[in-house]
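*Asks:* Got a structure for you, run-v9.cif, holding mmCIF, C-alpha atoms.
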```
data_work
loop_
_atom_site.label_atom_id
_atom_site.label_comp_id
_atom_site.auth_asym_id
_atom_site.auth_seq_id
_atom_site.Cartn_x
_atom_site.Cartn_y
_atom_site.Cartn_z
CA MET A 1 31.47 222.97 86.93
CA LYS A 2 32.19 219.37 85.99
CA LEU A 3 35.20 219.05 83.71
CA ARG A 4 35.19 216.44 80.95
CA PHE A 5 38.67 215.18 80.19
CA PRO A 6 38.90 214.28 76.46
CA LEU A 7 39.08 210.52 76.04
CA ARG A 8 41.64 210.85 73.26
CA ALA A 9 43.96 212.80 75.53
CA TYR A 10 43.44 210.27 78.32
CA LYS A 11 44.36 207.40 76.00
CA THR A 12 47.53 209.22 74.94
CA LEU A 13 48.54 209.88 78.54
CA ASP A 14 47.76 206.28 79.48
CA ARG A 15 49.98 205.00 76.66
CA LEU A 16 52.85 207.27 77.73
CA TYR A 17 52.39 206.40 81.39
CA LEU A 18 52.41 202.65 80.74
CA HIS A 19 55.58 202.97 78.65
CA TYR A 20 57.52 204.66 81.45
CA ASP A 21 55.85 202.79 84.32
CA LYS A 22 56.85 199.40 82.88
CA LYS A 23 60.48 200.56 82.70
CA MET A 24 60.38 201.25 86.44
CA ILE A 25 58.97 197.86 87.52
CA ARG A 26 61.46 196.06 89.78
CA ARG A 27 59.61 193.32 91.63
CA THR A 28 56.08 192.84 90.30
CA ARG A 29 57.32 191.97 86.84
CA ASN A 30 54.07 190.44 85.63
CA LEU A 31 52.58 193.98 85.60
CA GLY A 32 54.75 194.53 82.57
CA LEU A 33 52.04 192.59 80.71
CA MET A 34 49.44 195.28 81.46
CA PRO A 35 47.46 196.20 78.30
CA GLY A 36 46.55 199.73 77.28
CA LEU A 37 43.35 201.58 78.10
CA SER A 38 41.40 200.40 75.04
CA GLU A 39 41.98 196.76 75.96
CA ARG A 40 41.39 197.02 79.71
CA SER A 41 37.75 196.10 79.18
CA ALA A 42 37.26 193.01 81.30
CA PRO A 43 35.91 192.82 83.92
CA GLY A 44 34.45 196.21 83.03
CA ARG A 45 37.05 198.31 84.87
CA PRO A 46 39.34 200.26 82.52
CA SER A 47 41.29 202.05 85.26
CA TYR A 48 44.98 201.11 85.41
CA GLY A 49 44.81 201.27 89.21
CA GLU A 50 41.89 198.87 89.45
CA TRP A 51 43.53 196.40 87.09
CA CYS A 52 46.64 196.40 89.28
CA TYR A 53 44.42 196.02 92.34
CA LEU A 54 42.55 193.05 90.85
CA VAL A 55 45.76 191.40 89.67
CA GLY A 56 47.01 191.62 93.26
CA ILE A 57 43.76 190.25 94.70
CA PHE A 58 43.60 187.24 92.43
CA GLN A 59 47.33 186.58 92.59
CA THR A 60 46.83 186.29 96.36
CA VAL A 61 43.75 184.07 96.01
CA LEU A 62 45.62 181.83 93.56
CA ARG A 63 48.63 181.50 95.87
CA THR A 64 46.36 180.67 98.80
CA ASN A 65 44.61 177.88 96.92
CA LEU A 66 47.34 176.35 94.75
CA LYS A 67 49.08 173.25 96.09
CA LYS A 68 52.45 174.20 94.57
CA ASP A 69 54.27 177.47 93.96
CA THR A 70 55.14 176.95 90.32
CA ASP A 71 54.67 174.78 87.20
CA ASN A 72 50.88 175.05 87.48
CA ASP A 73 48.44 174.52 84.63
CA VAL A 74 45.82 177.26 84.77
CA LEU A 75 42.60 177.34 82.77
CA ASP A 76 40.92 180.74 82.72
CA VAL A 77 37.31 180.69 81.50
CA GLY A 78 36.09 184.02 80.13
CA CYS A 79 39.63 185.38 79.94
CA GLY A 80 38.64 188.68 78.30
CA THR A 81 41.77 190.68 77.59
CA GLY A 82 43.93 188.84 80.10
CA ILE A 83 43.64 190.15 83.64
CA MET A 84 43.93 186.61 85.04
CA ALA A 85 46.75 185.84 82.61
CA ILE A 86 48.75 188.55 84.37
CA ALA A 87 47.76 187.29 87.84
CA SER A 88 48.62 183.69 86.91
CA GLN A 89 52.01 184.33 85.32
CA PRO A 90 54.12 184.02 88.52
CA PHE A 91 52.77 180.50 89.14
CA LEU A 92 53.53 179.01 85.72
CA GLY A 93 57.28 178.52 85.95
CA ASP A 94 58.99 176.70 83.08
CA LYS A 95 56.63 173.71 82.90
CA GLY A 96 53.27 175.30 83.70
CA HIS A 97 50.81 176.74 81.22
CA TYR A 98 48.01 179.30 81.15
CA THR A 99 45.07 178.72 78.78
CA GLY A 100 42.46 181.43 78.29
CA ILE A 101 39.03 180.73 76.80
CA ASP A 102 36.49 183.32 75.70
CA VAL A 103 33.42 183.60 73.47
CA LYS A 104 34.58 187.00 72.17
CA ARG A 105 36.81 186.40 69.16
CA SER A 106 38.23 189.94 69.28
CA ASP A 107 39.48 189.41 72.84
CA ILE A 108 41.14 186.13 71.91
CA GLU A 109 42.83 187.73 68.89
CA PHE A 110 44.12 190.55 71.09
CA CYS A 111 45.44 188.14 73.73
CA ARG A 112 47.30 186.06 71.14
CA GLN A 113 49.15 189.19 70.04
CA HIS A 114 49.68 190.72 73.48
CA TYR A 115 50.75 187.59 75.41
CA PRO A 116 53.09 185.78 72.98
CA ASN A 117 54.94 183.85 75.70
CA LYS A 118 55.20 180.08 75.16
CA ASN A 119 53.45 179.60 78.50
CA PHE A 120 50.25 181.22 77.22
CA SER A 121 47.62 180.00 74.77
CA PHE A 122 44.13 181.27 73.94
CA ILE A 123 41.08 179.47 72.58
CA HIS A 124 37.99 180.99 71.02
CA LEU A 125 34.80 179.24 72.18
CA ASP A 126 32.21 179.33 69.39
CA ALA A 127 29.28 179.22 71.79
CA SER A 128 26.35 181.59 72.10
CA ASN A 129 25.81 184.08 74.91
CA GLN A 130 22.94 186.53 74.72
CA VAL A 131 25.12 189.43 75.85
CA PHE A 132 28.68 188.74 74.70
CA ALA A 133 28.23 186.48 71.66
CA PRO A 134 24.59 186.56 70.48
CA ASP A 135 25.48 185.76 66.85
CA GLN A 136 27.57 182.67 67.49
CA SER A 137 26.52 179.04 67.29
CA ALA A 138 23.58 178.20 69.48
CA GLY A 139 23.93 175.46 72.05
CA LYS A 140 26.64 174.44 74.47
CA VAL A 141 30.18 173.75 73.34
CA LYS A 142 32.66 171.75 75.36
CA TRP A 143 36.01 173.36 76.01
CA GLN A 144 38.91 172.19 73.85
CA VAL A 145 40.81 171.15 76.94
CA ALA A 146 41.89 167.65 77.96
CA ASP A 147 40.28 165.82 80.86
CA ALA A 148 41.98 166.21 84.25
CA SER A 149 44.59 168.63 82.89
CA ALA A 150 44.19 171.79 85.02
CA ASP A 151 45.55 172.46 88.50
CA VAL A 152 43.17 175.39 88.81
CA VAL A 153 40.23 176.81 86.85
CA THR A 154 39.43 180.50 87.20
CA ALA A 155 36.28 182.30 86.05
CA LEU A 156 36.03 186.00 86.85
CA SER A 157 32.54 187.43 86.25
CA VAL A 158 31.49 184.56 83.97
CA TRP A 159 28.83 182.62 85.89
CA THR A 160 27.22 186.01 86.57
CA HIS A 161 26.21 185.96 82.89
CA MET A 162 24.92 182.37 82.61
CA ASN A 163 21.38 181.07 82.91
CA GLU A 164 20.74 177.90 84.91
CA GLU A 165 21.11 175.46 82.03
CA ASP A 166 24.41 176.92 80.85
CA ALA A 167 25.73 177.30 84.40
CA ILE A 168 25.18 173.61 85.15
CA PHE A 169 26.62 172.46 81.81
CA TYR A 170 29.84 174.48 82.16
CA PHE A 171 30.19 173.63 85.84
CA ARG A 172 30.41 170.01 84.70
CA GLU A 173 33.14 171.13 82.32
CA ILE A 174 35.08 172.46 85.31
CA ASP A 175 34.74 169.03 86.91
CA ARG A 176 35.93 167.34 83.70
CA VAL A 177 39.09 169.39 83.17
CA LEU A 178 40.28 169.68 86.78
CA LYS A 179 42.86 167.28 88.14
CA PRO A 180 41.86 165.42 91.31
CA GLY A 181 42.58 167.80 94.17
CA GLY A 182 42.45 170.78 91.81
CA LYS A 183 40.63 174.00 92.67
CA ALA A 184 38.14 176.20 90.83
CA ILE A 185 37.95 179.91 91.69
CA VAL A 186 34.63 181.27 90.40
CA THR A 187 32.85 184.55 91.12
CA PHE A 188 29.09 184.85 91.66
CA TYR A 189 26.38 187.13 92.89
CA LEU A 190 25.41 184.77 95.69
CA LEU A 191 21.83 185.40 96.84
CA ASP A 192 22.31 184.20 100.40
CA ASP A 193 21.05 185.45 103.77
CA LEU A 194 23.55 188.31 103.78
CA TYR A 195 22.26 189.43 100.38
CA HIS A 196 18.65 189.43 101.61
CA SER A 197 19.56 191.43 104.71
CA SER A 198 21.43 193.87 102.45
CA VAL A 199 18.32 194.29 100.30
CA ASN A 200 16.33 195.21 103.40
CA THR A 201 19.04 197.71 104.41
CA TRP A 202 18.99 199.33 100.97
CA ALA A 203 15.20 199.54 101.07
CA ASP A 204 15.22 201.15 104.51
CA LYS A 205 17.78 203.74 103.46
CA MET A 206 16.67 204.59 99.96
CA GLY A 207 13.07 203.51 99.59
CA ARG A 208 12.42 200.25 97.82
CA TYR A 209 13.67 200.22 94.18
CA ASN A 210 13.78 204.03 93.83
CA ASN A 211 17.57 204.27 93.54
CA SER A 212 19.19 203.14 90.31
CA TYR A 213 22.45 201.98 91.94
CA GLN A 214 20.72 199.94 94.61
CA ASN A 215 18.16 198.63 92.11
CA SER A 216 20.96 197.33 89.91
CA ARG A 217 21.81 194.86 92.68
CA ILE A 218 18.30 193.57 93.39
CA PHE A 219 17.78 190.20 91.71
CA ASN A 220 14.01 189.96 91.73
CA THR A 221 13.11 188.25 88.42
CA PRO A 222 13.43 184.48 87.81
CA SER A 223 15.72 183.74 84.86
CA SER A 224 14.13 181.32 82.37
CA GLN A 225 11.55 180.39 85.02
CA SER A 226 14.27 179.12 87.33
CA LYS A 227 13.75 178.82 91.08
CA ASN A 228 17.38 179.58 91.87
CA TRP A 229 18.72 181.88 89.13
CA PHE A 230 17.52 185.50 89.13
CA HIS A 231 18.21 188.77 87.32
CA PRO A 232 17.20 192.40 88.01
CA ASP A 233 13.94 193.49 86.43
CA TRP A 234 15.75 196.22 84.46
CA ALA A 235 17.83 193.69 82.47
CA ALA A 236 16.64 193.48 78.86
CA LYS A 237 18.44 190.13 78.65
CA PRO A 238 18.77 188.01 81.80
CA GLU A 239 22.40 187.26 81.00
CA GLU A 240 23.31 190.92 81.53
CA THR A 241 23.67 190.06 85.22
CA ILE A 242 22.52 186.94 87.03
CA GLY A 243 22.55 185.93 90.68
CA VAL A 244 22.19 182.42 92.07
CA THR A 245 20.91 181.13 95.39
CA PRO A 246 22.82 178.71 97.65
CA ALA A 247 20.37 176.03 96.50
CA GLY A 248 21.45 176.77 92.93
CA ILE A 249 25.10 176.33 93.90
CA GLN A 250 24.17 172.97 95.44
CA THR A 251 22.35 171.97 92.26
CA MET A 252 25.58 172.47 90.31
CA LEU A 253 27.61 170.61 92.91
CA ASP A 254 25.24 167.65 92.83
CA THR A 255 26.19 166.95 89.20
CA THR A 256 29.97 166.95 89.84
CA ARG A 257 32.76 165.69 92.07
CA LEU A 258 33.31 169.21 93.38
CA SER A 259 32.70 170.61 96.84
CA LEU A 260 32.64 174.19 98.11
CA VAL A 261 35.68 174.78 100.34
CA GLU A 262 35.94 178.56 100.69
CA THR A 263 33.84 181.70 100.25
CA TYR A 264 35.15 185.26 100.04
CA VAL A 265 32.17 187.58 100.51
CA GLY A 266 31.84 190.33 97.90
CA ASN A 267 31.64 193.98 98.84
CA TRP A 268 28.59 194.44 96.60
CA LYS A 269 26.66 193.45 99.75
CA GLU A 270 27.91 196.58 101.55
CA VAL A 271 30.38 194.62 103.71
CA PRO A 272 34.20 194.59 103.54
CA GLY A 273 35.33 192.18 100.85
CA VAL A 274 38.35 191.44 98.69
CA PHE A 275 36.40 191.74 95.42
CA TYR A 276 33.10 193.23 94.28
CA GLN A 277 31.48 189.86 93.55
CA ASP A 278 31.49 186.82 95.83
CA ILE A 279 34.45 184.50 95.20
CA LEU A 280 33.68 180.80 95.71
CA VAL A 281 36.42 178.18 95.74
CA PHE A 282 35.64 174.57 94.85
CA GLU A 283 37.81 171.47 95.11
CA LYS A 284 37.61 168.29 93.05
CA HIS A 285 37.65 165.04 95.02
#
```
Please express the file's structure as structure tokens.

*Replies:*
Amino acid sequence: MKLRFPLRAYKTLDRLYLHYDKKMIRRTRNLGLMPGLSERSAPGRPSYGEWCYLVGIFQTVLRTNLKKDTDNDVLDVGCGTGIMAIASQPFLGDKGHYTGIDVKRSDIEFCRQHYPNKNFSFIHLDASNQVFAPDQSAGKVKWQVADASADVVTALSVWTHMNEEDAIFYFREIDRVLKPGGKAIVTFYLLDDLYHSSVNTWADKMGRYNNSYQNSRIFNTPSSQSKNWFHPDWAAKPEETIGVTPAGIQTMLDTTRLSLVETYVGNWKEVPGVFYQDILVFEKH
């Protein structure tokens, strides 16, 4: 018989566990910023263990791609409730700064309360997104961030919710705010050759489109009549989950001074990977 653990009891235990766990932290002090269960919403993984795992992954990716150990200026697009704020904290030092941007006002309000350090600031972006902010101002809104001010831009599971027009517009914003030589760490569902071979593997194993889990990862419907942006046919709104082809990535690059310098393959393609989605790293020249 399947047991259902009461959510209320789980939240209580989580709150107690966090209280005592934070007192025991000796080395990974930024984990002391970990929010409670109700706020561990982004990127859709509420488990304490997975949040710690993702903080470790992206702390490593940041260290690998930053040119200096400390005093970095980090811009996090789609910050949610702060998972990248925690991962970025060790690289800020005394002079660095983390800025989080999100279209969800509630997440920004939470972050302002939860991360009160002088090295953190959070900006609400009053732009529309069909999934996360359908009632906000229509159109594209530039980020309230100065030109050439960021050493690194991060975007975890953000471009996976943008149609082609928005993806190109905000990719130009990355170009605008990055310092020369700066990096952008952005996750995608990249519809490359490995993806297509994975689709064939899923079809052979499960029967084409007859398994809900496999079907959730098949991007078979053009988004807004695009040739390079696709969503699964089950998505009521394309922005629920969007994949982009390598040609689409090149289309974004063609409008900027950025180049693709590294790709970390996502394990959503049934191969070993550091993260579920594909992580692409871009550099500004």

*Asks:* Please determine, counting all atoms listed in the file, which residue among A:Phe110, A:Phe188, A:Trp143, A:Tyr195 has the shortest atom-to-atom distance to Tyr170 in chain A.

*Replies:*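 Distance minimum relative to Tyr170 in chain A lands on A:Trp143.
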
*Asks:* Taking the file as I've supplied it (selection: the PyMOL selection byres ((chain A and resi 161) around 6)), which residues are included? Please answer as a list in words.

*Replies:*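 Taken on the displayed file, the PyMOL selection byres ((chain A and resi 161) around 6) yields the residues Val158, Trp159, Thr160, Met162, Glu239, Glu240, Thr241 and Ile242 of chain A.
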
*Asks:* Would you pick out the contacts of Gly248 in chain A at 10 Å or less, using all atoms listed in the file, so that residues sharing its chain but fewer than 4 positions from it are not included, and give the list as a PyMOL selection string?

*Replies:* chain A and resi 164+167-168+190-191+226-229+243-244+252-254

*Asks:* Could you give me, as a PyMOL selection string, the residues that have an atom at most 7 Å away from the point (34.2, 194.3, 97.4) in the coordinates of the file, using only C-alpha atoms?

*Replies:* chain A and resi 266-268+272-277

*Asks:* Could you write those residues out with C-alpha atoms, as a compact mmCIF listing (two decimals), in the coordinates of the input?

*Replies:*
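The resulting again_9.txt:
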```txt
# COMPACT_ATOMS: atom_id res chain seq x y z
CA GLY A 266 31.84 190.33 97.90
CA ASN A 267 31.64 193.98 98.84
CA TRP A 268 28.59 194.44 96.60
CA PRO A 272 34.20 194.59 103.54
CA GLY A 273 35.33 192.18 100.85
CA VAL A 274 38.35 191.44 98.69
CA PHE A 275 36.40 191.74 95.42
CA TYR A 276 33.10 193.23 94.28
CA GLN A 277 31.48 189.86 93.55
```

*Asks:* When you draw a straight line from CA of Tyr17 in chain A to CA of Leu31 in chain A, how long is it in Å?

*Replies:*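 Interatomic distance here is 13.1 Å.
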
*Asks:* Pick out the closest residue to Asn65 in chain A from this set: A:Lys183, A:Lys284, A:Lys118, A:Arg257. Count only C-alpha atoms.

*Replies:* A:Lys183

*Asks:* Give me the residues within 12 Å of Trp51 in chain A as JSON, numbers by chain, counting all atoms listed in the file and dropping any in the same chain fewer than 5 places off.

*Replies:* {"A": [31, 33, 34, 35, 36, 37, 39, 40, 41, 42, 43, 44, 45, 46, 56, 57, 58, 59, 81, 82, 83, 84, 85, 86, 87, 275]}

*Asks:* Okay, now the selection with C-alpha atoms, as a PDB file, keeping the file's coordinate frame?

*Replies:*
```pdb
ATOM      1  CA  LEU A  31      52.580 193.980  85.600  1.00  0.00           C
ATOM      2  CA  LEU A  33      52.040 192.590  80.710  1.00  0.00           C
ATOM      3  CA  MET A  34      49.440 195.280  81.460  1.00  0.00           C
ATOM      4  CA  PRO A  35      47.460 196.200  78.300  1.00  0.00           C
ATOM      5  CA  GLY A  36      46.550 199.730  77.280  1.00  0.00           C
ATOM      6  CA  LEU A  37      43.350 201.580  78.100  1.00  0.00           C
ATOM      7  CA  GLU A  39      41.980 196.760  75.960  1.00  0.00           C
ATOM      8  CA  ARG A  40      41.390 197.020  79.710  1.00  0.00           C
ATOM      9  CA  SER A  41      37.750 196.100  79.180  1.00  0.00           C
ATOM     10  CA  ALA A  42      37.260 193.010  81.300  1.00  0.00           C
ATOM     11  CA  PRO A  43      35.910 192.820  83.920  1.00  0.00           C
ATOM     12  CA  GLY A  44      34.450 196.210  83.030  1.00  0.00           C
ATOM     13  CA  ARG A  45      37.050 198.310  84.870  1.00  0.00           C
ATOM     14  CA  PRO A  46      39.340 200.260  82.520  1.00  0.00           C
ATOM     15  CA  GLY A  56      47.010 191.620  93.260  1.00  0.00           C
ATOM     16  CA  ILE A  57      43.760 190.250  94.700  1.00  0.00           C
ATOM     17  CA  PHE A  58      43.600 187.240  92.430  1.00  0.00           C
ATOM     18  CA  GLN A  59      47.330 186.580  92.590  1.00  0.00           C
ATOM     19  CA  THR A  81      41.770 190.680  77.590  1.00  0.00           C
ATOM     20  CA  GLY A  82      43.930 188.840  80.100  1.00  0.00           C
ATOM     21  CA  ILE A  83      43.640 190.150  83.640  1.00  0.00           C
ATOM     22  CA  MET A  84      43.930 186.610  85.040  1.00  0.00           C
ATOM     23  CA  ALA A  85      46.750 185.840  82.610  1.00  0.00           C
ATOM     24  CA  ILE A  86      48.750 188.550  84.370  1.00  0.00           C
ATOM     25  CA  ALA A  87      47.760 187.290  87.840  1.00  0.00           C
ATOM     26  CA  PHE A 275      36.400 191.740  95.420  1.00  0.00           C
TER      27      PHE A 275
END
```
